[in-house]
>>> print(open('query_0.cif').read())   # mmCIF, C-alpha atoms
data_upload
loop_
_atom_site.label_atom_id
_atom_site.label_comp_id
_atom_site.auth_asym_id
_atom_site.auth_seq_id
_atom_site.Cartn_x
_atom_site.Cartn_y
_atom_site.Cartn_z
CA MET R 1 0.00 0.00 0.00
CA THR R 2 1.29 3.45 -0.90
CA THR R 3 2.36 5.38 2.18
CA PHE R 4 0.03 8.25 3.00
CA ASP R 5 -1.20 10.19 6.02
CA PRO R 6 -4.74 9.05 6.96
CA ASN R 7 -5.14 12.16 9.11
CA ALA R 8 -4.42 14.59 6.29
CA ALA R 9 -6.77 16.08 3.72
CA ALA R 10 -7.43 14.03 0.59
CA LEU R 11 -5.04 14.88 -2.22
CA PRO R 12 -6.34 16.06 -5.60
CA GLY R 13 -6.74 13.12 -7.96
CA SER R 14 -6.77 10.52 -5.20
CA GLY R 15 -9.23 7.66 -5.19
CA ILE R 16 -12.41 6.98 -3.23
CA PHE R 17 -12.12 8.38 0.34
CA GLY R 18 -8.87 10.03 -0.71
CA LEU R 19 -7.12 6.66 -0.72
CA PRO R 20 -4.16 5.83 -2.98
CA HIS R 21 -4.95 2.17 -3.60
CA VAL R 22 -4.76 0.63 -7.03
CA ARG R 23 -6.94 -2.41 -7.60
CA ASP R 24 -4.26 -4.96 -6.78
CA GLU R 25 -3.72 -3.36 -3.35
CA ALA R 26 -7.40 -3.30 -2.40
CA SER R 27 -9.49 -5.94 -0.66
CA VAL R 28 -12.71 -4.03 -1.45
CA VAL R 29 -13.39 -2.95 -5.05
CA ILE R 30 -16.21 -0.50 -5.83
CA VAL R 31 -17.95 -0.83 -9.21
CA PRO R 32 -19.76 2.42 -10.14
CA VAL R 33 -22.92 1.98 -12.22
CA PRO R 34 -24.34 5.37 -13.34
CA PHE R 35 -27.64 4.01 -14.63
CA ASP R 36 -31.10 5.40 -13.87
CA ALA R 37 -33.72 4.54 -16.48
CA THR R 38 -37.03 3.66 -14.84
CA THR R 39 -37.32 5.63 -11.59
CA SER R 40 -40.93 6.70 -11.60
CA TYR R 41 -41.11 9.61 -9.13
CA GLY R 42 -37.77 11.39 -8.99
CA GLY R 43 -34.54 10.79 -10.88
CA GLY R 44 -30.86 11.58 -10.74
CA ALA R 45 -29.37 8.38 -9.33
CA SER R 46 -27.09 8.13 -12.37
CA GLU R 47 -25.19 11.07 -10.82
CA GLY R 48 -24.81 9.18 -7.54
CA PRO R 49 -21.42 7.53 -8.12
CA ALA R 50 -19.66 10.74 -9.14
CA ALA R 51 -21.27 12.71 -6.30
CA VAL R 52 -20.36 10.10 -3.68
CA LEU R 53 -16.79 9.98 -5.00
CA ARG R 54 -16.47 13.75 -4.56
CA ALA R 55 -18.05 13.73 -1.11
CA SER R 56 -15.92 10.80 0.04
CA ALA R 57 -12.88 13.07 0.23
CA GLN R 58 -14.43 14.58 3.40
CA VAL R 59 -14.83 11.25 5.25
CA ASP R 60 -12.47 10.82 8.20
CA LEU R 61 -10.84 7.43 7.87
CA PHE R 62 -10.85 6.17 11.46
CA ASP R 63 -14.24 4.63 12.24
CA ALA R 64 -15.55 4.06 15.78
CA GLN R 65 -17.16 0.75 14.77
CA PHE R 66 -14.80 -0.80 12.24
CA GLY R 67 -11.50 0.91 13.05
CA ARG R 68 -8.92 1.51 10.31
CA THR R 69 -11.06 0.37 7.39
CA TYR R 70 -8.72 2.09 4.95
CA GLU R 71 -5.91 -0.32 5.84
CA ALA R 72 -7.79 -3.11 4.07
CA GLY R 73 -7.52 -1.15 0.83
CA ILE R 74 -10.48 0.29 -1.08
CA HIS R 75 -10.41 0.98 -4.80
CA MET R 76 -13.14 2.44 -7.00
CA MET R 77 -13.08 1.59 -10.68
CA ASP R 78 -13.47 4.33 -13.28
CA GLU R 79 -17.05 5.22 -14.13
CA PRO R 80 -18.03 3.38 -17.35
CA LEU R 81 -18.97 5.99 -19.93
CA GLU R 82 -20.85 3.41 -21.98
CA ILE R 83 -23.21 2.73 -19.06
CA ARG R 84 -23.81 6.45 -18.55
CA GLU R 85 -24.71 6.85 -22.23
CA LEU R 86 -26.90 3.75 -22.05
CA SER R 87 -28.72 5.31 -19.10
CA ARG R 88 -29.31 8.54 -21.00
CA ARG R 89 -30.82 6.72 -23.98
CA ALA R 90 -32.94 4.34 -21.90
CA ARG R 91 -34.22 7.18 -19.70
CA ALA R 92 -35.32 9.14 -22.77
CA LEU R 93 -37.29 6.10 -23.92
CA ALA R 94 -38.83 5.45 -20.51
CA GLU R 95 -39.93 8.98 -19.57
CA PRO R 96 -42.94 9.18 -21.94
CA LEU R 97 -44.18 5.81 -20.66
CA ILE R 98 -43.76 6.88 -17.04
CA ALA R 99 -45.57 10.15 -17.73
CA LYS R 100 -48.68 8.33 -18.93
CA GLY R 101 -48.74 5.93 -15.98
CA GLY R 102 -46.96 2.97 -17.59
CA ALA R 103 -46.63 1.13 -20.87
CA ASP R 104 -49.58 -0.06 -22.91
CA ALA R 105 -50.06 -2.57 -25.71
CA GLY R 106 -48.51 -0.28 -28.31
CA ASP R 107 -45.21 0.18 -26.46
CA GLY R 108 -43.72 -3.25 -27.09
CA GLU R 109 -40.75 -2.07 -29.17
CA THR R 110 -39.87 0.68 -26.70
CA LEU R 111 -40.03 -1.76 -23.81
CA ARG R 112 -37.81 -4.17 -25.73
CA MET R 113 -35.13 -1.49 -26.18
CA ILE R 114 -35.30 -0.50 -22.50
CA GLU R 115 -35.05 -4.16 -21.49
CA GLN R 116 -32.01 -4.58 -23.74
CA ALA R 117 -30.35 -1.71 -21.85
CA GLY R 118 -31.09 -3.54 -18.59
CA ASP R 119 -29.60 -6.71 -20.02
CA GLN R 120 -26.39 -4.83 -20.80
CA VAL R 121 -26.20 -3.42 -17.28
CA ASN R 122 -26.77 -6.90 -15.84
CA ALA R 123 -24.00 -8.33 -18.01
CA TYR R 124 -21.63 -5.52 -16.99
CA THR R 125 -22.22 -5.93 -13.25
CA TYR R 126 -22.14 -9.72 -13.41
CA GLU R 127 -18.81 -9.78 -15.24
CA ASN R 128 -17.12 -7.19 -13.06
CA PHE R 129 -18.35 -8.71 -9.80
CA TRP R 130 -17.27 -12.18 -10.88
CA HIS R 131 -13.76 -10.96 -11.68
CA VAL R 132 -13.48 -9.21 -8.31
CA LEU R 133 -14.70 -12.31 -6.49
CA ALA R 134 -12.30 -14.52 -8.44
CA ASP R 135 -9.45 -12.27 -7.27
CA GLY R 136 -10.39 -12.97 -3.65
CA LYS R 137 -11.77 -9.47 -3.04
CA VAL R 138 -15.16 -8.11 -1.95
CA PRO R 139 -17.06 -6.25 -4.68
CA GLY R 140 -19.41 -3.35 -3.97
CA LEU R 141 -21.75 -1.67 -6.43
CA LEU R 142 -22.35 2.07 -6.27
CA GLY R 143 -25.50 3.01 -8.20
CA GLY R 144 -27.46 4.13 -9.93
CA ASP R 145 -31.03 3.10 -9.37
CA HIS R 146 -32.02 -0.10 -7.60
CA SER R 147 -32.39 -2.09 -10.81
CA THR R 148 -28.60 -2.11 -11.22
CA PRO R 149 -27.47 -4.85 -8.76
CA LEU R 150 -29.27 -7.83 -10.38
CA GLY R 151 -26.20 -9.10 -12.25
CA ALA R 152 -24.02 -8.38 -9.22
CA ILE R 153 -26.25 -10.43 -6.92
CA LYS R 154 -26.31 -13.27 -9.46
CA ALA R 155 -22.50 -13.34 -9.54
CA CYS R 156 -22.27 -13.40 -5.73
CA ALA R 157 -24.91 -16.12 -5.43
CA GLU R 158 -23.24 -18.34 -8.02
CA TYR R 159 -19.85 -17.75 -6.41
CA VAL R 160 -21.14 -18.94 -3.02
CA ALA R 161 -22.81 -21.97 -4.61
CA SER R 162 -19.62 -22.89 -6.47
CA ARG R 163 -17.64 -23.00 -3.21
CA TRP R 164 -20.06 -25.10 -1.20
CA ARG R 165 -19.12 -28.76 -0.74
CA PRO R 166 -21.05 -31.71 0.74
CA GLY R 167 -20.25 -31.80 4.42
CA ASP R 168 -20.25 -28.00 4.78
CA ARG R 169 -22.87 -26.46 7.03
CA ALA R 170 -26.26 -26.15 5.38
CA SER R 171 -26.34 -22.45 6.28
CA ALA R 172 -23.23 -21.94 4.13
CA LYS R 173 -24.89 -23.23 0.97
CA GLY R 174 -27.03 -20.31 -0.17
CA LEU R 175 -26.61 -16.56 -0.32
CA GLY R 176 -28.72 -14.39 1.95
CA ILE R 177 -29.57 -10.76 1.25
CA LEU R 178 -29.98 -8.07 3.87
CA HIS R 179 -32.22 -5.63 2.02
CA VAL R 180 -32.38 -2.17 3.61
CA ASP R 181 -35.11 -0.17 1.88
CA ALA R 182 -38.32 1.76 2.32
CA HIS R 183 -39.89 -0.49 -0.32
CA MET R 184 -40.24 -4.23 -0.80
CA ASP R 185 -39.26 -3.98 -4.51
CA LEU R 186 -41.35 -7.08 -5.24
CA ARG R 187 -43.41 -5.69 -8.13
CA PRO R 188 -43.30 -7.72 -11.36
CA ALA R 189 -42.47 -5.54 -14.38
CA TYR R 190 -43.59 -2.31 -12.71
CA GLU R 191 -45.10 0.14 -15.23
CA GLY R 192 -44.19 -2.42 -17.87
CA PHE R 193 -40.44 -2.31 -17.16
CA ARG R 194 -39.00 -5.75 -16.44
CA TYR R 195 -35.88 -4.29 -14.84
CA SER R 196 -37.66 -1.64 -12.79
CA HIS R 197 -36.12 -0.16 -9.68
CA ALA R 198 -39.29 -1.43 -7.98
CA SER R 199 -38.75 -5.01 -9.17
CA ILE R 200 -35.19 -5.84 -8.12
CA MET R 201 -36.04 -8.30 -5.34
CA TYR R 202 -38.85 -9.88 -7.37
CA ASN R 203 -36.29 -10.51 -10.13
CA VAL R 204 -33.82 -11.92 -7.61
CA LEU R 205 -36.38 -14.37 -6.20
CA GLU R 206 -37.63 -15.39 -9.63
CA THR R 207 -34.30 -15.75 -11.47
CA ILE R 208 -31.55 -16.49 -8.90
CA PRO R 209 -32.35 -19.77 -7.11
CA GLU R 210 -29.01 -19.69 -5.26
CA VAL R 211 -30.39 -16.84 -3.11
CA SER R 212 -31.82 -18.74 -0.19
CA ARG R 213 -33.37 -15.86 1.76
CA ILE R 214 -34.01 -12.13 1.65
CA VAL R 215 -34.40 -10.31 4.97
CA GLN R 216 -35.89 -6.83 4.53
CA VAL R 217 -35.48 -4.00 7.05
CA GLY R 218 -36.94 -0.50 6.96
CA ILE R 219 -39.97 -1.45 4.86
CA ARG R 220 -42.81 1.07 5.07
CA ASP R 221 -44.21 1.64 1.56
CA TYR R 222 -45.48 -1.36 -0.40
CA SER R 223 -48.48 -2.68 -2.29
CA GLU R 224 -50.90 -5.35 -1.15
CA GLY R 225 -49.72 -7.47 -4.06
CA GLU R 226 -46.13 -7.26 -2.83
CA ALA R 227 -47.17 -8.28 0.67
CA GLU R 228 -49.05 -11.26 -0.76
CA TYR R 229 -46.06 -12.26 -2.90
CA ALA R 230 -43.74 -12.05 0.12
CA ARG R 231 -46.08 -14.30 2.12
CA ALA R 232 -46.24 -16.75 -0.79
CA CYS R 233 -42.43 -16.96 -0.76
CA GLY R 234 -42.57 -18.30 2.79
CA ASP R 235 -39.24 -18.41 4.59
CA ARG R 236 -37.40 -17.23 1.48
CA CYS R 237 -38.54 -13.64 2.08
CA ARG R 238 -38.87 -12.11 5.53
CA ALA R 239 -40.02 -8.50 5.81
CA HIS R 240 -39.39 -6.46 8.95
CA LEU R 241 -41.79 -3.54 8.69
CA ASP R 242 -40.59 -0.16 9.91
CA PHE R 243 -43.82 0.45 11.84
CA GLN R 244 -43.58 -2.91 13.58
CA TRP R 245 -40.04 -2.14 14.75
CA ALA R 246 -41.12 1.32 15.93
CA GLN R 247 -44.06 -0.18 17.83
CA ALA R 248 -41.82 -2.83 19.39
CA MET R 249 -39.39 -0.17 20.62
CA MET R 250 -42.27 1.93 22.01
CA ASP R 251 -43.29 -1.18 23.94
CA GLY R 252 -39.81 -1.45 25.42
CA ARG R 253 -37.92 -3.74 23.08
CA ARG R 254 -34.31 -2.80 22.31
CA PHE R 255 -33.32 -1.86 18.77
CA THR R 256 -30.25 -4.07 19.03
CA ASP R 257 -32.45 -7.08 19.80
CA LEU R 258 -34.47 -6.44 16.65
CA CYS R 259 -31.24 -6.25 14.64
CA HIS R 260 -29.99 -9.52 16.10
CA GLN R 261 -33.27 -11.18 15.19
CA ALA R 262 -32.95 -10.02 11.57
CA ALA R 263 -29.31 -11.14 11.40
CA SER R 264 -30.17 -14.56 12.84
CA GLU R 265 -32.53 -15.16 9.92
CA LEU R 266 -29.70 -14.86 7.39
CA PRO R 267 -27.37 -17.69 6.29
CA ASP R 268 -23.61 -17.52 6.74
CA ASN R 269 -22.94 -15.73 3.45
CA VAL R 270 -24.61 -12.35 3.04
CA TYR R 271 -25.00 -9.71 0.36
CA VAL R 272 -26.11 -6.29 1.63
CA SER R 273 -28.38 -4.30 -0.70
CA PHE R 274 -28.69 -0.81 0.76
CA ASP R 275 -31.17 1.58 -0.83
CA ILE R 276 -30.49 5.00 0.66
CA ASP R 277 -34.24 5.59 1.02
CA GLY R 278 -34.21 3.00 3.79
CA LEU R 279 -32.94 5.91 5.91
CA ASP R 280 -35.01 8.74 7.35
CA PRO R 281 -35.61 11.03 4.33
CA SER R 282 -34.01 13.98 6.12
CA LEU R 283 -30.76 12.14 5.37
CA CYS R 284 -31.53 11.63 1.66
CA PRO R 285 -34.07 14.30 0.61
CA HIS R 286 -33.37 14.06 -3.11
CA THR R 287 -33.58 10.29 -3.48
CA GLY R 288 -36.10 9.16 -6.09
CA THR R 289 -38.83 7.84 -3.79
CA PRO R 290 -38.44 9.27 -0.26
CA VAL R 291 -40.80 7.94 2.43
CA PRO R 292 -41.39 9.21 6.00
CA GLY R 293 -39.99 7.01 8.73
CA GLY R 294 -36.94 4.86 8.27
CA LEU R 295 -33.64 4.28 10.03
CA SER R 296 -31.44 6.94 11.54
CA PHE R 297 -27.82 6.88 10.43
CA ASN R 298 -26.73 5.38 13.74
CA GLN R 299 -29.43 2.72 13.59
CA ALA R 300 -28.25 1.71 10.12
CA ALA R 301 -24.67 1.55 11.37
CA LEU R 302 -25.72 -0.65 14.29
CA LEU R 303 -27.64 -2.94 11.95
CA LEU R 304 -24.49 -3.44 9.87
CA GLN R 305 -22.43 -4.01 13.01
CA THR R 306 -24.84 -6.78 13.98
CA LEU R 307 -23.80 -8.72 10.87
CA ARG R 308 -20.18 -8.45 11.95
CA ASP R 309 -21.01 -9.54 15.48
CA ALA R 310 -22.92 -12.52 14.06
CA ARG R 311 -19.79 -13.45 12.06
CA LYS R 312 -21.53 -13.28 8.71
CA THR R 313 -19.32 -13.36 5.64
CA ILE R 314 -20.04 -10.35 3.44
CA VAL R 315 -19.74 -11.59 -0.14
CA GLY R 316 -20.74 -8.31 -1.79
CA PHE R 317 -22.86 -5.22 -1.33
CA ASP R 318 -24.47 -2.30 -3.06
CA LEU R 319 -25.47 1.28 -2.24
CA VAL R 320 -28.11 2.66 -4.59
CA GLU R 321 -30.53 5.56 -5.18
CA VAL R 322 -28.20 8.31 -3.93
CA CYS R 323 -29.42 11.38 -5.86
CA PRO R 324 -27.49 14.63 -5.38
CA ASP R 325 -29.23 18.00 -5.40
CA ALA R 326 -29.48 19.06 -9.05
CA HIS R 327 -29.22 22.79 -8.26
CA PRO R 328 -25.77 24.18 -9.20
CA GLY R 329 -23.60 24.85 -6.19
CA ALA R 330 -25.98 23.17 -3.72
CA PRO R 331 -24.34 21.36 -0.77
CA GLU R 332 -24.16 17.65 -1.51
CA TRP R 333 -25.98 16.44 1.60
CA ASP R 334 -27.28 13.24 -0.03
CA ALA R 335 -23.81 12.35 -1.31
CA ASN R 336 -22.28 13.30 2.03
CA VAL R 337 -24.51 10.80 3.81
CA GLY R 338 -24.08 8.26 1.01
CA ALA R 339 -20.28 8.41 1.27
CA ARG R 340 -20.46 7.62 4.97
CA VAL R 341 -22.87 4.74 4.45
CA LEU R 342 -20.49 3.42 1.79
CA TYR R 343 -17.55 3.61 4.20
CA LYS R 344 -19.56 1.66 6.79
CA LEU R 345 -20.32 -0.99 4.16
CA CYS R 346 -16.63 -1.18 3.27
CA GLY R 347 -15.77 -1.49 6.95
CA LEU R 348 -18.22 -4.34 7.37
CA ALA R 349 -16.86 -6.10 4.27
CA ALA R 350 -13.25 -5.70 5.42
CA ALA R 351 -14.02 -6.77 9.01
CA GLY R 352 -14.74 -10.33 7.94
CA ARG R 353 -11.49 -10.77 6.04
#
>>> encode(input="query_0.cif", output="structure tokens")
Amino acid sequence: MTTFDPNAAALPGSGIFGLPHVRDEASVVIVPVPFDATTSYGGGASEGPAAVLRASAQVDLFDAQFGRTYEAGIHMMDEPLEIRELSRRARALAEPLIAKGGADAGDGETLRMIEQAGDQVNAYTYENFWHVLADGKVPGLLGGDHSTPLGAIKACAEYVASRWRPGDRASAKGLGILHVDAHMDLRPAYEGFRYSHASIMYNVLETIPEVSRIVQVGIRDYSEGEAEYARACGDRCRAHLDFQWAQAMMDGRRFTDLCHQAASELPDNVYVSFDIDGLDPSLCPHTGTPVPGGLSFNQAALLLQTLRDARKTIVGFDLVEVCPDAHPGAPEWDANVGARVLYKLCGLAAAGR
């Protein structure tokens, strides 16, 4: 690792969090995915990776929970210009459909082109995550909207399955997902879009059999159909509703106990999918679909710490739906919070190595 002063200001041109690591020196590799095609309320998540990168220079590197995370090495790949251009084209196709409340029978060709864009994103994230995993490192995706991690999750799930051998613990066989979000994301082809930001976990459950369980935390905005689908999935999908946790704490239950319960429901190998709107919206006011309620920053940090305390292996992770303020010169509050959530995720990933 290149010698540098972790107490000094980030140098111009340095990497994520002001770190000097090249990929070979890093144990955590961040894959930026500036794609935002189908968000149906607000947009701007395609600007998330660049905004978080800028804001990360202000993050102090010693962390009270995870210590000297930077010593593990963190590297962020260059933003792929082809994915950014793909996002621009797909968004232009999707906006008229969103404006009229969703696709209709005459929009088949447009939907096909938007789906092709999603296929390309899935192929990009799958390939890059697989290469990082094959190098013995932990990959993290920085989105982008919440449709972007599907290929990444598939790579992590197949990687875990490929390493399981008869005689290993049953809990080590499948990949579990800790899904922090305001929404269940269990809608099939929402507004006609197969790879909708509102369909990511539906697509995971339908297309990635190696995912053995999804545990959802922070959920507070969902359809009746999603709730019914979650119940039909049985033990494969467990939703912890935000209101239920709030009620339990009002009745005297400790937040840490609720976190331990959620962690106990996950298998040994875990992927963390962190939608920033799982937080209280005062922390992410410009995210595409903000919802009242949610986790405080410290509650989210404690939830992640619970996975470390439970000795879960973090196979990969994502942070999505960070949308910076579009007004020129505005303080990047959303990115500021996002950068600190990302550092916590990196700390969790590095802690298990």
>>> resolve_selection(input="query_0.cif", expression="the PyMOL selection byres ((chain R and resi 272-279) around 8)", output="JSON, numbers by chain")
{"R": [146, 177, 178, 179, 180, 181, 182, 183, 217, 218, 219, 270, 271, 280, 281, 283, 284, 287, 289, 290, 291, 293, 294, 295, 296, 297, 300, 314, 316, 317, 318, 319, 320, 321, 322, 338]}
>>> write_last_selection(input="query_0.cif", atoms="C-alpha atoms", output="PDB file, in the frame of the given file")
ATOM      1  CA  HIS R 146     -32.020  -0.100  -7.600  1.00  0.00           C
ATOM      2  CA  ILE R 177     -29.570 -10.760   1.250  1.00  0.00           C
ATOM      3  CA  LEU R 178     -29.980  -8.070   3.870  1.00  0.00           C
ATOM      4  CA  HIS R 179     -32.220  -5.630   2.020  1.00  0.00           C
ATOM      5  CA  VAL R 180     -32.380  -2.170   3.610  1.00  0.00           C
ATOM      6  CA  ASP R 181     -35.110  -0.170   1.880  1.00  0.00           C
ATOM      7  CA  ALA R 182     -38.320   1.760   2.320  1.00  0.00           C
ATOM      8  CA  HIS R 183     -39.890  -0.490  -0.320  1.00  0.00           C
ATOM      9  CA  VAL R 217     -35.480  -4.000   7.050  1.00  0.00           C
ATOM     10  CA  GLY R 218     -36.940  -0.500   6.960  1.00  0.00           C
ATOM     11  CA  ILE R 219     -39.970  -1.450   4.860  1.00  0.00           C
ATOM     12  CA  VAL R 270     -24.610 -12.350   3.040  1.00  0.00           C
ATOM     13  CA  TYR R 271     -25.000  -9.710   0.360  1.00  0.00           C
ATOM     14  CA  ASP R 280     -35.010   8.740   7.350  1.00  0.00           C
ATOM     15  CA  PRO R 281     -35.610  11.030   4.330  1.00  0.00           C
ATOM     16  CA  LEU R 283     -30.760  12.140   5.370  1.00  0.00           C
ATOM     17  CA  CYS R 284     -31.530  11.630   1.660  1.00  0.00           C
ATOM     18  CA  THR R 287     -33.580  10.290  -3.480  1.00  0.00           C
ATOM     19  CA  THR R 289     -38.830   7.840  -3.790  1.00  0.00           C
ATOM     20  CA  PRO R 290     -38.440   9.270  -0.260  1.00  0.00           C
ATOM     21  CA  VAL R 291     -40.800   7.940   2.430  1.00  0.00           C
ATOM     22  CA  GLY R 293     -39.990   7.010   8.730  1.00  0.00           C
ATOM     23  CA  GLY R 294     -36.940   4.860   8.270  1.00  0.00           C
ATOM     24  CA  LEU R 295     -33.640   4.280  10.030  1.00  0.00           C
ATOM     25  CA  SER R 296     -31.440   6.940  11.540  1.00  0.00           C
ATOM     26  CA  PHE R 297     -27.820   6.880  10.430  1.00  0.00           C
ATOM     27  CA  ALA R 300     -28.250   1.710  10.120  1.00  0.00           C
ATOM     28  CA  ILE R 314     -20.040 -10.350   3.440  1.00  0.00           C
ATOM     29  CA  GLY R 316     -20.740  -8.310  -1.790  1.00  0.00           C
ATOM     30  CA  PHE R 317     -22.860  -5.220  -1.330  1.00  0.00           C
ATOM     31  CA  ASP R 318     -24.470  -2.300  -3.060  1.00  0.00           C
ATOM     32  CA  LEU R 319     -25.470   1.280  -2.240  1.00  0.00           C
ATOM     33  CA  VAL R 320     -28.110   2.660  -4.590  1.00  0.00           C
ATOM     34  CA  GLU R 321     -30.530   5.560  -5.180  1.00  0.00           C
ATOM     35  CA  VAL R 322     -28.200   8.310  -3.930  1.00  0.00           C
ATOM     36  CA  GLY R 338     -24.080   8.260   1.010  1.00  0.00           C
TER      37      GLY R 338
END
>>> resolve_selection(input="query_0.cif", expression="the PyMOL selection byres ((chain R and resi 124) around 12)", output="PyMOL selection string")
chain R and resi 31-35+80+82-83+86+117-123+125-131+141+148-152+154-155
>>> residues_around(input="query_0.cif", residues="Trp245 (chain R)", least_positions_apart="5", cutoff="10 Å", atoms="only C-alpha atoms", output="ChimeraX atom specification")
/R:217-219,240,250-251,253-255,258-259
>>> resolve_selection(input="query_0.cif", expression="the PyMOL selection byres ((chain R and resi 24) around 10)", output="JSON, numbers by chain")
{"R": [1, 21, 22, 23, 25, 26, 27, 29, 73, 74, 75, 135, 137]}
>>> closest_residue(input="query_0.cif", among="R:Gly140, R:Gly192, R:Pro209, R:Pro285", to="Leu175 (chain R)", atoms="all atoms listed in the file")
R:Pro209
>>> atom_distance(input="query_0.cif", atom1="CA of Cys156 (chain R)", atom2="CA of Arg112 (chain R)")
27.0 Å
>>> atom_distance(input="query_0.cif", atom1="CA of His197 (chain R)", atom2="CA of Lys312 (chain R)")
26.9 Å
>>> residues_near_point(input="query_0.cif", point="(-22.1, 8.6, -12.9)", cutoff="7 Å", atoms="only C-alpha atoms", output="mmCIF file with C-alpha atoms, in the coordinates of the input")
data_model
loop_
_atom_site.group_PDB
_atom_site.id
_atom_site.type_symbol
_atom_site.label_atom_id
_atom_site.label_comp_id
_atom_site.auth_asym_id
_atom_site.auth_seq_id
_atom_site.Cartn_x
_atom_site.Cartn_y
_atom_site.Cartn_z
ATOM 1 C CA VAL R 33 -22.920 1.980 -12.220
ATOM 2 C CA PRO R 34 -24.340 5.370 -13.340
ATOM 3 C CA SER R 46 -27.090 8.130 -12.370
ATOM 4 C CA GLU R 47 -25.190 11.070 -10.820
ATOM 5 C CA GLY R 48 -24.810 9.180 -7.540
ATOM 6 C CA PRO R 49 -21.420 7.530 -8.120
ATOM 7 C CA ALA R 50 -19.660 10.740 -9.140
ATOM 8 C CA GLU R 79 -17.050 5.220 -14.130
ATOM 9 C CA ARG R 84 -23.810 6.450 -18.550
#
>>> atom_distance(input="query_0.cif", atom1="CA of Met113 (chain R)", atom2="CA of Lys100 (chain R)")
18.2 Å
>>> closest_residue(input="query_0.cif", among="R:Ser282, R:Asn336, R:Ser223, R:Thr110", to="Leu186 (chain R)", atoms="all atoms listed in the file")
R:Ser223
>>> closest_residue(input="query_0.cif", among="R:Ala45, R:Leu303, R:Ile16, R:Met201", to="Pro324 (chain R)", atoms="only C-alpha atoms")
R:Ala45
>>> residues_around(input="query_0.cif", residues="Leu111 (chain R)", least_positions_apart="5", cutoff="10 Å", atoms="only C-alpha atoms", output="ChimeraX atom specification")
/R:90,93-94,97,103-104,106,116-117,192-194
>>> residues_around(input="query_0.cif", residues="Gly352 (chain R)", least_positions_apart="6", cutoff="10 Å", atoms="all atoms listed in the file", output="list of chain:residue names")
R:Leu307, R:Arg308, R:Asp309, R:Arg311, R:Lys312, R:Thr313, R:Ile314, R:Val315
>>> closest_residue(input="query_0.cif", among="R:Ala99, R:Val52, R:Ala198, R:Met184", to="Asp221 (chain R)", atoms="all atoms listed in the file")
R:Met184
>>> closest_residue(input="query_0.cif", among="R:Ser56, R:Thr207, R:Gln216, R:Ser40", to="Ala157 (chain R)", atoms="only C-alpha atoms")
R:Thr207
>>> closest_residue(input="query_0.cif", among="R:Gly101, R:Gln65, R:Gly42, R:Ile30", to="Met77 (chain R)", atoms="all atoms listed in the file")
R:Ile30
>>> decode(input="query_0.cif", residues="region 328-350 of chain R", atoms="C-alpha atoms", output="CSV table (one decimal), in the first residue's frame")
chain,number,residue,atom,x,y,z
R,328,PRO,CA,-25.8,24.2,-9.2
R,329,GLY,CA,-23.6,24.9,-6.2
R,330,ALA,CA,-26.0,23.2,-3.7
R,331,PRO,CA,-24.3,21.4,-0.8
R,332,GLU,CA,-24.2,17.6,-1.5
R,333,TRP,CA,-26.0,16.4,1.6
R,334,ASP,CA,-27.3,13.2,0.0
R,335,ALA,CA,-23.8,12.3,-1.3
R,336,ASN,CA,-22.3,13.3,2.0
R,337,VAL,CA,-24.5,10.8,3.8
R,338,GLY,CA,-24.1,8.3,1.0
R,339,ALA,CA,-20.3,8.4,1.3
R,340,ARG,CA,-20.5,7.6,5.0
R,341,VAL,CA,-22.9,4.7,4.4
R,342,LEU,CA,-20.5,3.4,1.8
R,343,TYR,CA,-17.5,3.6,4.2
R,344,LYS,CA,-19.6,1.7,6.8
R,345,LEU,CA,-20.3,-1.0,4.2
R,346,CYS,CA,-16.6,-1.2,3.3
R,347,GLY,CA,-15.8,-1.5,6.9
R,348,LEU,CA,-18.2,-4.3,7.4
R,349,ALA,CA,-16.9,-6.1,4.3
R,350,ALA,CA,-13.3,-5.7,5.4
